[in-house]
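start_4.pdb follows; it contains PDB, C-alpha atoms.
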```
ATOM      1  CA  MET A1436    -124.022  23.631 -40.380
ATOM      2  CA  THR A1437    -122.443  23.315 -43.778
ATOM      3  CA  ALA A1438    -118.702  23.579 -44.341
ATOM      4  CA  ASP A1439    -119.115  26.725 -46.422
ATOM      5  CA  SER A1440    -121.317  28.504 -43.908
ATOM      6  CA  PRO A1441    -119.947  31.813 -42.685
ATOM      7  CA  LEU A1442    -120.951  30.599 -39.214
ATOM      8  CA  SER A1443    -118.761  27.498 -39.289
ATOM      9  CA  ALA A1444    -115.793  28.945 -37.399
ATOM     10  CA  PRO A1445    -113.934  26.258 -35.469
ATOM     11  CA  ARG A1446    -114.722  26.444 -31.774
ATOM     12  CA  GLY A1447    -111.139  26.847 -30.517
ATOM     13  CA  SER A1448    -109.992  26.786 -26.900
ATOM     14  CA  ALA A1449    -112.094  27.908 -23.944
ATOM     15  CA  ARG A1450    -110.020  31.070 -23.824
ATOM     16  CA  GLU A1451    -110.589  31.777 -27.521
ATOM     17  CA  ILE A1452    -114.315  31.161 -27.121
ATOM     18  CA  GLU A1453    -114.670  33.330 -24.028
ATOM     19  CA  GLU A1454    -112.150  36.087 -24.716
ATOM     20  CA  GLY A1455    -112.024  36.192 -28.507
ATOM     21  CA  SER A1456    -113.841  38.178 -31.159
ATOM     22  CA  VAL A1457    -114.607  35.163 -33.351
ATOM     23  CA  PHE A1458    -118.251  34.190 -33.410
ATOM     24  CA  ALA A1459    -118.281  30.413 -32.939
ATOM     25  CA  PRO A1460    -121.768  29.471 -31.741
ATOM     26  CA  LYS A1461    -122.105  26.057 -30.158
ATOM     27  CA  PHE A1462    -125.020  24.069 -31.489
ATOM     28  CA  ASP A1463    -126.144  21.143 -29.344
ATOM     29  CA  GLU A1464    -126.396  17.500 -30.383
ATOM     30  CA  ASN A1465    -129.634  18.361 -32.216
ATOM     31  CA  GLY A1466    -128.007  21.245 -34.056
ATOM     32  CA  LEU A1467    -129.778  23.885 -31.974
ATOM     33  CA  ILE A1468    -128.805  26.899 -29.889
ATOM     34  CA  ALA A1469    -131.082  28.482 -27.279
ATOM     35  CA  CYS A1470    -132.119  32.107 -27.787
ATOM     36  CA  VAL A1471    -133.435  34.447 -25.113
ATOM     37  CA  VAL A1472    -135.605  37.137 -26.700
ATOM     38  CA  THR A1473    -136.190  40.411 -24.858
ATOM     39  CA  ASP A1474    -138.187  43.518 -25.727
ATOM     40  CA  ALA A1475    -135.719  46.229 -26.781
ATOM     41  CA  ARG A1476    -137.987  48.917 -25.336
ATOM     42  CA  THR A1477    -139.056  47.447 -21.980
ATOM     43  CA  ALA A1478    -136.190  44.926 -21.488
ATOM     44  CA  ALA A1479    -138.765  42.285 -20.524
ATOM     45  CA  PRO A1480    -138.043  38.692 -21.507
ATOM     46  CA  LEU A1481    -140.552  37.736 -24.189
ATOM     47  CA  MET A1482    -139.736  34.127 -25.012
ATOM     48  CA  VAL A1483    -137.027  31.510 -25.328
ATOM     49  CA  ALA A1484    -136.747  29.672 -28.632
ATOM     50  CA  HIS A1485    -134.116  27.741 -30.570
ATOM     51  CA  MET A1486    -132.224  28.375 -33.781
ATOM     52  CA  ASN A1487    -130.462  25.935 -36.039
ATOM     53  CA  ALA A1488    -127.661  27.214 -38.269
ATOM     54  CA  PRO A1489    -129.962  28.172 -41.178
ATOM     55  CA  ALA A1490    -132.261  30.103 -38.807
ATOM     56  CA  LEU A1491    -129.294  31.960 -37.370
ATOM     57  CA  ALA A1492    -127.921  32.766 -40.824
ATOM     58  CA  ARG A1493    -131.293  33.996 -42.025
ATOM     59  CA  THR A1494    -131.767  36.146 -38.916
ATOM     60  CA  LEU A1495    -128.400  37.808 -39.457
ATOM     61  CA  GLU A1496    -129.072  38.293 -43.180
ATOM     62  CA  THR A1497    -132.559  39.688 -42.870
ATOM     63  CA  GLY A1498    -132.550  41.436 -39.488
ATOM     64  CA  GLU A1499    -135.742  39.581 -38.574
ATOM     65  CA  ALA A1500    -135.901  36.683 -36.127
ATOM     66  CA  TRP A1501    -136.080  33.158 -37.520
ATOM     67  CA  PHE A1502    -136.141  30.076 -35.331
ATOM     68  CA  TYR A1503    -136.352  26.320 -35.621
ATOM     69  CA  SER A1504    -139.563  24.811 -34.336
ATOM     70  CA  ARG A1505    -138.825  21.556 -32.541
ATOM     71  CA  SER A1506    -142.493  20.578 -32.373
ATOM     72  CA  ARG A1507    -143.074  21.206 -36.078
ATOM     73  CA  ALA A1508    -139.509  20.240 -37.122
ATOM     74  CA  LYS A1509    -139.186  23.204 -39.466
ATOM     75  CA  LEU A1510    -137.571  26.565 -39.950
ATOM     76  CA  TRP A1511    -139.961  29.221 -38.738
ATOM     77  CA  LYS A1512    -140.082  32.972 -39.192
ATOM     78  CA  LYS A1513    -141.466  34.440 -35.989
ATOM     79  CA  GLY A1514    -144.679  36.244 -36.873
ATOM     80  CA  GLU A1515    -145.165  34.551 -40.230
ATOM     81  CA  THR A1516    -148.724  33.667 -39.203
ATOM     82  CA  SER A1517    -149.537  36.337 -36.612
ATOM     83  CA  GLY A1518    -147.801  39.194 -38.416
ATOM     84  CA  ARG A1519    -145.911  39.898 -35.192
ATOM     85  CA  VAL A1520    -142.501  39.828 -36.827
ATOM     86  CA  MET A1521    -139.503  40.534 -34.595
ATOM     87  CA  ARG A1522    -137.017  43.094 -35.873
ATOM     88  CA  LEU A1523    -133.553  42.415 -34.515
ATOM     89  CA  VAL A1524    -132.101  45.402 -32.654
ATOM     90  CA  GLU A1525    -129.093  43.620 -31.190
ATOM     91  CA  MET A1526    -127.811  40.080 -30.840
ATOM     92  CA  ARG A1527    -125.411  39.060 -28.096
ATOM     93  CA  VAL A1528    -123.716  35.767 -27.309
ATOM     94  CA  ASP A1529    -122.786  34.449 -23.882
ATOM     95  CA  CYS A1530    -119.356  33.572 -22.528
ATOM     96  CA  ASP A1531    -119.191  30.003 -23.808
ATOM     97  CA  GLN A1532    -121.183  30.866 -26.921
ATOM     98  CA  ASP A1533    -123.977  28.373 -26.399
ATOM     99  CA  VAL A1534    -126.778  30.900 -25.815
ATOM    100  CA  LEU A1535    -127.886  33.905 -27.880
ATOM    101  CA  TRP A1536    -129.705  36.966 -26.567
ATOM    102  CA  LEU A1537    -131.839  38.884 -29.055
ATOM    103  CA  LYS A1538    -133.198  42.342 -28.333
ATOM    104  CA  VAL A1539    -136.138  42.863 -30.645
ATOM    105  CA  GLU A1540    -138.850  45.288 -31.653
ATOM    106  CA  GLN A1541    -142.242  44.053 -32.742
ATOM    107  CA  ALA A1542    -144.562  45.850 -35.129
ATOM    108  CA  ALA A1543    -147.373  44.770 -32.798
ATOM    109  CA  GLU A1544    -146.992  43.398 -29.302
ATOM    110  CA  GLY A1545    -147.791  39.789 -28.516
ATOM    111  CA  ALA A1546    -144.778  37.480 -28.594
ATOM    112  CA  CYS A1547    -146.619  34.540 -27.059
ATOM    113  CA  HIS A1548    -148.819  32.199 -29.083
ATOM    114  CA  THR A1549    -151.391  32.473 -26.270
ATOM    115  CA  GLY A1550    -151.917  36.118 -27.239
ATOM    116  CA  ARG A1551    -149.899  37.699 -24.441
ATOM    117  CA  ARG A1552    -147.043  40.174 -24.689
ATOM    118  CA  SER A1553    -144.611  37.673 -23.173
ATOM    119  CA  CYS A1554    -144.576  33.926 -22.602
ATOM    120  CA  PHE A1555    -143.699  34.610 -18.962
ATOM    121  CA  TYR A1556    -147.150  35.561 -17.648
ATOM    122  CA  ARG A1557    -147.139  33.441 -14.475
ATOM    123  CA  VAL A1558    -145.135  33.703 -11.248
ATOM    124  CA  VAL A1559    -144.106  30.546  -9.393
ATOM    125  CA  THR A1560    -145.066  31.177  -5.814
ATOM    126  CA  GLY A1561    -145.972  29.898  -2.396
ATOM    127  CA  ALA A1562    -143.713  26.885  -2.010
ATOM    128  CA  GLY A1563    -143.492  25.775   1.568
ATOM    129  CA  PRO A1564    -142.412  22.631   3.353
ATOM    130  CA  GLY A1565    -144.319  19.813   1.663
ATOM    131  CA  ALA A1566    -146.537  22.255  -0.195
ATOM    132  CA  PRO A1567    -146.397  22.458  -3.975
ATOM    133  CA  PRO A1568    -145.755  25.851  -5.529
ATOM    134  CA  THR A1569    -148.591  27.350  -7.521
ATOM    135  CA  LEU A1570    -148.778  29.879 -10.317
ATOM    136  CA  GLU A1571    -149.970  33.447  -9.975
ATOM    137  CA  TRP A1572    -150.984  35.393 -13.043
ATOM    138  CA  ARG A1573    -149.032  38.534 -13.859
ATOM    139  CA  ASP A1574    -148.869  40.717 -16.995
ATOM    140  CA  ASP A1575    -151.276  38.232 -18.553
ATOM    141  CA  GLU A1576    -153.533  40.556 -20.532
ATOM    142  CA  ARG A1577    -154.151  39.237 -24.024
ATOM    143  CA  VAL A1578    -153.121  41.658 -26.779
ATOM    144  CA  PHE A1579    -154.490  39.447 -29.549
ATOM    145  CA  ASP A1580    -156.934  36.575 -29.863
ATOM    146  CA  PRO A1581    -155.013  33.413 -30.739
ATOM    147  CA  ALA A1582    -158.163  31.704 -32.022
ATOM    148  CA  ALA A1583    -158.516  34.437 -34.633
ATOM    149  CA  VAL A1584    -154.860  34.162 -35.676
ATOM    150  CA  TYR A1585    -153.904  30.510 -35.578
ATOM    151  CA  ASP A1586    -155.687  27.644 -37.238
ATOM    152  CA  ARG A1587    -155.373  25.071 -34.503
TER     153      ARG A1587
ATOM    154  CA  MET B 215    -137.842  13.872 -10.138
ATOM    155  CA  THR B 216    -138.971  11.601  -7.362
ATOM    156  CA  ALA B 217    -142.542  10.483  -6.990
ATOM    157  CA  ASP B 218    -142.923  12.259  -3.654
ATOM    158  CA  SER B 219    -141.533  15.569  -4.884
ATOM    159  CA  PRO B 220    -143.903  18.511  -4.544
ATOM    160  CA  LEU B 221    -142.830  19.400  -8.092
ATOM    161  CA  SER B 222    -144.051  16.158  -9.625
ATOM    162  CA  ALA B 223    -147.418  17.432 -10.805
ATOM    163  CA  PRO B 224    -148.611  15.584 -13.896
ATOM    164  CA  ARG B 225    -148.174  17.675 -17.012
ATOM    165  CA  GLY B 226    -151.790  17.597 -18.185
ATOM    166  CA  SER B 227    -153.145  18.920 -21.472
ATOM    167  CA  ALA B 228    -151.660  21.816 -23.407
ATOM    168  CA  ARG B 229    -154.524  23.966 -22.172
ATOM    169  CA  GLU B 230    -153.924  22.982 -18.550
ATOM    170  CA  ILE B 231    -150.204  23.666 -18.915
ATOM    171  CA  GLU B 232    -150.700  27.040 -20.596
ATOM    172  CA  GLU B 233    -153.811  28.334 -18.874
ATOM    173  CA  GLY B 234    -153.703  26.618 -15.500
ATOM    174  CA  SER B 235    -152.328  27.532 -12.104
ATOM    175  CA  VAL B 236    -150.600  24.192 -11.536
ATOM    176  CA  PHE B 237    -146.827  24.361 -11.675
ATOM    177  CA  ALA B 238    -145.803  21.410 -13.848
ATOM    178  CA  PRO B 239    -142.285  22.153 -15.104
ATOM    179  CA  LYS B 240    -141.134  20.126 -18.079
ATOM    180  CA  PHE B 241    -137.694  18.633 -17.644
ATOM    181  CA  ASP B 242    -135.958  17.517 -20.827
ATOM    182  CA  GLU B 243    -134.642  14.039 -21.603
ATOM    183  CA  ASN B 244    -131.649  14.789 -19.375
ATOM    184  CA  GLY B 245    -133.864  15.896 -16.500
ATOM    185  CA  LEU B 246    -133.045  19.567 -16.962
ATOM    186  CA  ILE B 247    -134.975  22.816 -17.453
ATOM    187  CA  ALA B 248    -133.405  25.993 -18.860
ATOM    188  CA  CYS B 249    -133.367  29.081 -16.620
ATOM    189  CA  VAL B 250    -132.950  32.661 -17.788
ATOM    190  CA  VAL B 251    -131.502  34.760 -14.976
ATOM    191  CA  THR B 252    -131.958  38.538 -15.015
ATOM    192  CA  ASP B 253    -130.857  41.291 -12.658
ATOM    193  CA  ALA B 254    -133.892  42.391 -10.631
ATOM    194  CA  ARG B 255    -132.576  45.948 -10.507
ATOM    195  CA  THR B 256    -131.361  46.586 -14.069
ATOM    196  CA  ALA B 257    -133.448  43.917 -15.872
ATOM    197  CA  ALA B 258    -130.325  42.845 -17.780
ATOM    198  CA  PRO B 259    -129.953  39.173 -18.640
ATOM    199  CA  LEU B 260    -127.085  37.812 -16.561
ATOM    200  CA  MET B 261    -126.824  34.171 -17.578
ATOM    201  CA  VAL B 262    -128.670  31.083 -18.722
ATOM    202  CA  ALA B 263    -128.204  27.913 -16.687
ATOM    203  CA  HIS B 264    -130.068  24.661 -16.080
ATOM    204  CA  MET B 265    -131.823  23.169 -13.087
ATOM    205  CA  ASN B 266    -132.671  19.576 -12.365
ATOM    206  CA  ALA B 267    -135.544  18.818 -10.003
ATOM    207  CA  PRO B 268    -133.384  18.912  -6.840
ATOM    208  CA  ALA B 269    -131.891  22.275  -7.855
ATOM    209  CA  LEU B 270    -135.363  23.679  -8.444
ATOM    210  CA  ALA B 271    -136.644  22.354  -5.137
ATOM    211  CA  ARG B 272    -133.672  23.755  -3.259
ATOM    212  CA  THR B 273    -134.035  27.148  -4.957
ATOM    213  CA  LEU B 274    -137.692  27.360  -3.933
ATOM    214  CA  GLU B 275    -136.912  26.188  -0.404
ATOM    215  CA  THR B 276    -133.954  28.488   0.237
ATOM    216  CA  GLY B 277    -134.695  31.536  -1.914
ATOM    217  CA  GLU B 278    -131.193  31.296  -3.380
ATOM    218  CA  ALA B 279    -130.410  30.056  -6.869
ATOM    219  CA  TRP B 280    -129.166  26.489  -7.293
ATOM    220  CA  PHE B 281    -128.423  24.951 -10.656
ATOM    221  CA  TYR B 282    -127.169  21.717 -12.143
ATOM    222  CA  SER B 283    -123.760  21.946 -13.768
ATOM    223  CA  ARG B 284    -123.706  19.855 -16.919
ATOM    224  CA  SER B 285    -119.916  20.120 -17.265
ATOM    225  CA  ARG B 286    -119.276  19.088 -13.669
ATOM    226  CA  ALA B 287    -122.330  16.800 -13.453
ATOM    227  CA  LYS B 288    -123.316  18.090 -10.036
ATOM    228  CA  LEU B 289    -125.755  20.242  -8.136
ATOM    229  CA  TRP B 290    -124.301  23.689  -7.809
ATOM    230  CA  LYS B 291    -125.163  26.660  -5.634
ATOM    231  CA  LYS B 292    -124.480  29.777  -7.658
ATOM    232  CA  GLY B 293    -121.833  31.770  -5.820
ATOM    233  CA  GLU B 294    -120.653  28.899  -3.615
ATOM    234  CA  THR B 295    -117.061  29.630  -4.705
ATOM    235  CA  SER B 296    -117.208  33.298  -5.664
ATOM    236  CA  GLY B 297    -119.537  34.381  -2.867
ATOM    237  CA  ARG B 298    -121.766  35.957  -5.487
ATOM    238  CA  VAL B 299    -124.904  34.184  -4.324
ATOM    239  CA  MET B 300    -128.134  34.992  -6.151
ATOM    240  CA  ARG B 301    -131.150  35.855  -4.016
ATOM    241  CA  LEU B 302    -134.375  34.969  -5.757
ATOM    242  CA  VAL B 303    -136.712  37.938  -6.109
ATOM    243  CA  GLU B 304    -139.207  36.303  -8.447
ATOM    244  CA  MET B 305    -139.493  33.137 -10.514
ATOM    245  CA  ARG B 306    -141.694  32.911 -13.567
ATOM    246  CA  VAL B 307    -142.450  30.048 -15.925
ATOM    247  CA  ASP B 308    -143.231  30.298 -19.623
ATOM    248  CA  CYS B 309    -146.364  29.259 -21.471
ATOM    249  CA  ASP B 310    -145.450  25.617 -22.038
ATOM    250  CA  GLN B 311    -143.571  25.415 -18.732
ATOM    251  CA  ASP B 312    -140.247  24.348 -20.163
ATOM    252  CA  VAL B 313    -138.291  27.519 -19.301
ATOM    253  CA  LEU B 314    -137.932  29.362 -15.998
ATOM    254  CA  TRP B 315    -137.119  33.049 -15.582
ATOM    255  CA  LEU B 316    -135.424  34.089 -12.343
ATOM    256  CA  LYS B 317    -135.124  37.721 -11.278
ATOM    257  CA  VAL B 318    -132.288  37.870  -8.776
ATOM    258  CA  GLU B 319    -130.285  40.183  -6.577
ATOM    259  CA  GLN B 320    -126.600  39.561  -5.954
ATOM    260  CA  ALA B 321    -124.691  40.613  -2.842
ATOM    261  CA  ALA B 322    -121.892  41.581  -5.216
ATOM    262  CA  GLU B 323    -122.117  41.968  -8.969
ATOM    263  CA  GLY B 324    -120.401  39.512 -11.287
ATOM    264  CA  ALA B 325    -122.651  36.701 -12.504
ATOM    265  CA  CYS B 326    -120.177  35.460 -15.121
ATOM    266  CA  HIS B 327    -117.278  33.151 -14.280
ATOM    267  CA  THR B 328    -115.087  35.413 -16.449
ATOM    268  CA  GLY B 329    -115.528  38.162 -13.850
ATOM    269  CA  ARG B 330    -118.092  40.245 -15.713
ATOM    270  CA  ARG B 331    -121.504  41.417 -14.532
ATOM    271  CA  SER B 332    -123.246  39.359 -17.208
ATOM    272  CA  CYS B 333    -122.270  36.464 -19.459
ATOM    273  CA  PHE B 334    -123.564  38.520 -22.403
ATOM    274  CA  TYR B 335    -120.618  40.878 -22.896
ATOM    275  CA  ARG B 336    -120.287  40.584 -26.672
ATOM    276  CA  VAL B 337    -122.499  41.757 -29.529
ATOM    277  CA  VAL B 338    -122.749  39.694 -32.711
ATOM    278  CA  THR B 339    -122.258  42.179 -35.507
ATOM    279  CA  GLY B 340    -121.226  42.910 -39.054
ATOM    280  CA  ALA B 341    -122.635  39.979 -40.939
ATOM    281  CA  GLY B 342    -122.785  40.659 -44.648
ATOM    282  CA  PRO B 343    -123.057  38.540 -47.783
ATOM    283  CA  GLY B 344    -120.337  35.913 -47.457
ATOM    284  CA  ALA B 345    -118.745  37.713 -44.532
ATOM    285  CA  PRO B 346    -118.678  36.082 -41.106
ATOM    286  CA  PRO B 347    -120.116  38.014 -38.195
ATOM    287  CA  THR B 348    -117.679  39.131 -35.538
ATOM    288  CA  LEU B 349    -118.012  39.989 -31.887
ATOM    289  CA  GLU B 350    -117.868  43.493 -30.431
ATOM    290  CA  TRP B 351    -117.214  43.966 -26.759
ATOM    291  CA  ARG B 352    -119.902  45.670 -24.702
ATOM    292  CA  ASP B 353    -120.421  45.979 -20.931
ATOM    293  CA  ASP B 354    -117.317  43.831 -20.548
ATOM    294  CA  GLU B 355    -115.668  45.485 -17.568
ATOM    295  CA  ARG B 356    -114.484  42.909 -15.058
ATOM    296  CA  VAL B 357    -115.951  43.372 -11.588
ATOM    297  CA  PHE B 358    -113.828  40.590 -10.087
ATOM    298  CA  ASP B 359    -110.675  38.702 -10.989
ATOM    299  CA  PRO B 360    -111.577  35.106 -11.827
ATOM    300  CA  ALA B 361    -107.976  33.951 -11.281
ATOM    301  CA  ALA B 362    -108.221  35.116  -7.684
ATOM    302  CA  VAL B 363    -111.570  33.391  -7.149
ATOM    303  CA  TYR B 364    -111.485  30.097  -9.015
ATOM    304  CA  ASP B 365    -108.871  27.405  -8.776
ATOM    305  CA  ARG B 366    -108.630  26.451 -12.448
TER     306      ARG B 366
END
```
Could you show the structure in this file as structure tokens?
Amino acid sequence: MTADSPLSAPRGSAREIEEGSVFAPKFDENGLIACVVTDARTAAPLMVAHMNAPALARTLETGEAWFYSRSRAKLWKKGETSGRVMRLVEMRVDCDQDVLWLKVEQAAEGACHTGRRSCFYRVVTGAGPGAPPTLEWRDDERVFDPAAVYDR
Amino acid sequence: MTADSPLSAPRGSAREIEEGSVFAPKFDENGLIACVVTDARTAAPLMVAHMNAPALARTLETGEAWFYSRSRAKLWKKGETSGRVMRLVEMRVDCDQDVLWLKVEQAAEGACHTGRRSCFYRVVTGAGPGAPPTLEWRDDERVFDPAAVYDR
């Protein structure tokens, strides 16, 4: 975060962070903040991604969600390849300002790179004494074909 | 994660992780996995916390949410002080298995240590060219008095 960034507010005391009206997001040691993304219409969690300061600034400027891809080590506009851009309806911050919550609308459903509406398409279930939990599929219909969208 | 843990499944290929039924959660370099917690009744995000492998195992065993407190460096049963225990209704995992989503019910509302229903009681708003965003209060009614609950 650069010194002249409008997001570079000093963090202040715990009370100021929790009970104040100054936006002072806490980026971790890698310069990232976690973002929970939910569907503004259905309220379903769609994905969790990370922003660095430039991604956050660009999201606030443009009203469309930008993130930082840790695997590709680059700024990344969600939907730049798939066309499934996320329009920001509301952004919230949590008590200690180290997590963001974005409510978004998508022009076309399919927030997950696997082609599903949400990244959370499996339920962890069936753990018992000594028995490993397994995954049950839920809401796992594909709304697009990732092979047709991504070159990978 | 210990070698004899039922959660110690090998991670496998990207395809196995994304399209398989084996639960193979990815803990980060600090041994933690991020958890989005939502209200099973209202669907509202309540908080984001982290689990280590023992917290995850205990959550699956007991059906109540346990986390790992980074600030206190200890295993932590949510509600152990406030009484606002979280009963697990459903746990999901995301595509690459590095985030968990917990739908929970609470005996009494108030997931945030500030006394609010949710940690997300402020909206980030008003960013303009050169102008810093500010925070607007939303859903910020206190449902308990933290001073009466926590010794801090």
* To do: Just give me the residues with any atom within 9 Å of (-127.1, 23.0, -5.5), file coordinates, counting only C-alpha atoms, written as a PyMOL selection string.
  => chain B and resi 265+268-270+272-273+279-283+288-292+294
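Nearest to B:Val303 of all the residues A:Arg1476, A:Thr1560, A:Phe1458, A:Gly1447 is A:Thr1560, based on only C-alpha atoms.
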For A:Ser1517, list every protein, DNA or RNA residue within 12 Å, evaluated using all atoms listed in the file, and leave out those in the same chain fewer than 6 positions away; present the list as a short mmCIF file (atom, residue, chain, number, x, y, z; two decimals) with C-alpha atoms, in the coordinates of the input.
```cif
data_model
loop_
_atom_site.label_atom_id
_atom_site.label_comp_id
_atom_site.auth_asym_id
_atom_site.auth_seq_id
_atom_site.Cartn_x
_atom_site.Cartn_y
_atom_site.Cartn_z
CA GLN A 1541 -142.24 44.05 -32.74
CA ALA A 1542 -144.56 45.85 -35.13
CA ALA A 1543 -147.37 44.77 -32.80
CA GLU A 1544 -146.99 43.40 -29.30
CA GLY A 1545 -147.79 39.79 -28.52
CA ALA A 1546 -144.78 37.48 -28.59
CA CYS A 1547 -146.62 34.54 -27.06
CA HIS A 1548 -148.82 32.20 -29.08
CA THR A 1549 -151.39 32.47 -26.27
CA GLY A 1550 -151.92 36.12 -27.24
CA VAL A 1578 -153.12 41.66 -26.78
CA PHE A 1579 -154.49 39.45 -29.55
CA ASP A 1580 -156.93 36.58 -29.86
CA PRO A 1581 -155.01 33.41 -30.74
CA ALA A 1582 -158.16 31.70 -32.02
CA ALA A 1583 -158.52 34.44 -34.63
CA VAL A 1584 -154.86 34.16 -35.68
CA TYR A 1585 -153.90 30.51 -35.58
CA ASP A 1586 -155.69 27.64 -37.24
#
```
* **Close residues, B:Leu260 itself excluded, 10 Å, only C-alpha atoms, min 2 positions apart in chain, as a ChimeraX atom specification** => /A:1529 /B:250-253,257-258,262-263,317-318,323-326,330-335
Since we have the selection now, will you write its residues out, keeping C-alpha atoms, as a compact mmCIF listing (two decimals), keeping the file's coordinate frame?
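Wrote out06.txt, looks like this:
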```txt
# COMPACT_ATOMS: atom_id res chain seq x y z
CA ASP A 1529 -122.79 34.45 -23.88
CA VAL B 250 -132.95 32.66 -17.79
CA VAL B 251 -131.50 34.76 -14.98
CA THR B 252 -131.96 38.54 -15.02
CA ASP B 253 -130.86 41.29 -12.66
CA ALA B 257 -133.45 43.92 -15.87
CA ALA B 258 -130.32 42.84 -17.78
CA VAL B 262 -128.67 31.08 -18.72
CA ALA B 263 -128.20 27.91 -16.69
CA LYS B 317 -135.12 37.72 -11.28
CA VAL B 318 -132.29 37.87 -8.78
CA GLU B 323 -122.12 41.97 -8.97
CA GLY B 324 -120.40 39.51 -11.29
CA ALA B 325 -122.65 36.70 -12.50
CA CYS B 326 -120.18 35.46 -15.12
CA ARG B 330 -118.09 40.24 -15.71
CA ARG B 331 -121.50 41.42 -14.53
CA SER B 332 -123.25 39.36 -17.21
CA CYS B 333 -122.27 36.46 -19.46
CA PHE B 334 -123.56 38.52 -22.40
CA TYR B 335 -120.62 40.88 -22.90
```
* **Counting all atoms listed in the file, chain B residues within 7 Å of chain A, as number ranges by chain** => B: 220-221, 235-237, 257, 274-275, 305-309, 333-338, 341-342, 344-350
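Across the structure, atom CA of B:Glu278 and atom CA of A:Asp1574 are spaced 24.2 Å apart.
Pairwise distance (atom CA of B:Gly277, atom CA of B:Leu246) equals 19.3 Å.
Here atom CA of A:Gly1518 stands at a distance of 22.0 Å from atom CA of A:Asn1487.
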Starting from 3 Å padding per side, set up an axis-aligned box that covers all listed atoms of stretch 260-264 of chain B and hand over centre and edge lengths in Å, one decimal, as AutoDock Vina command-line options.
```
--center_x -128.4 --center_y 31.2 --center_z -17.4 --size_x 9.2 --size_y 19.2 --size_z 8.6
```
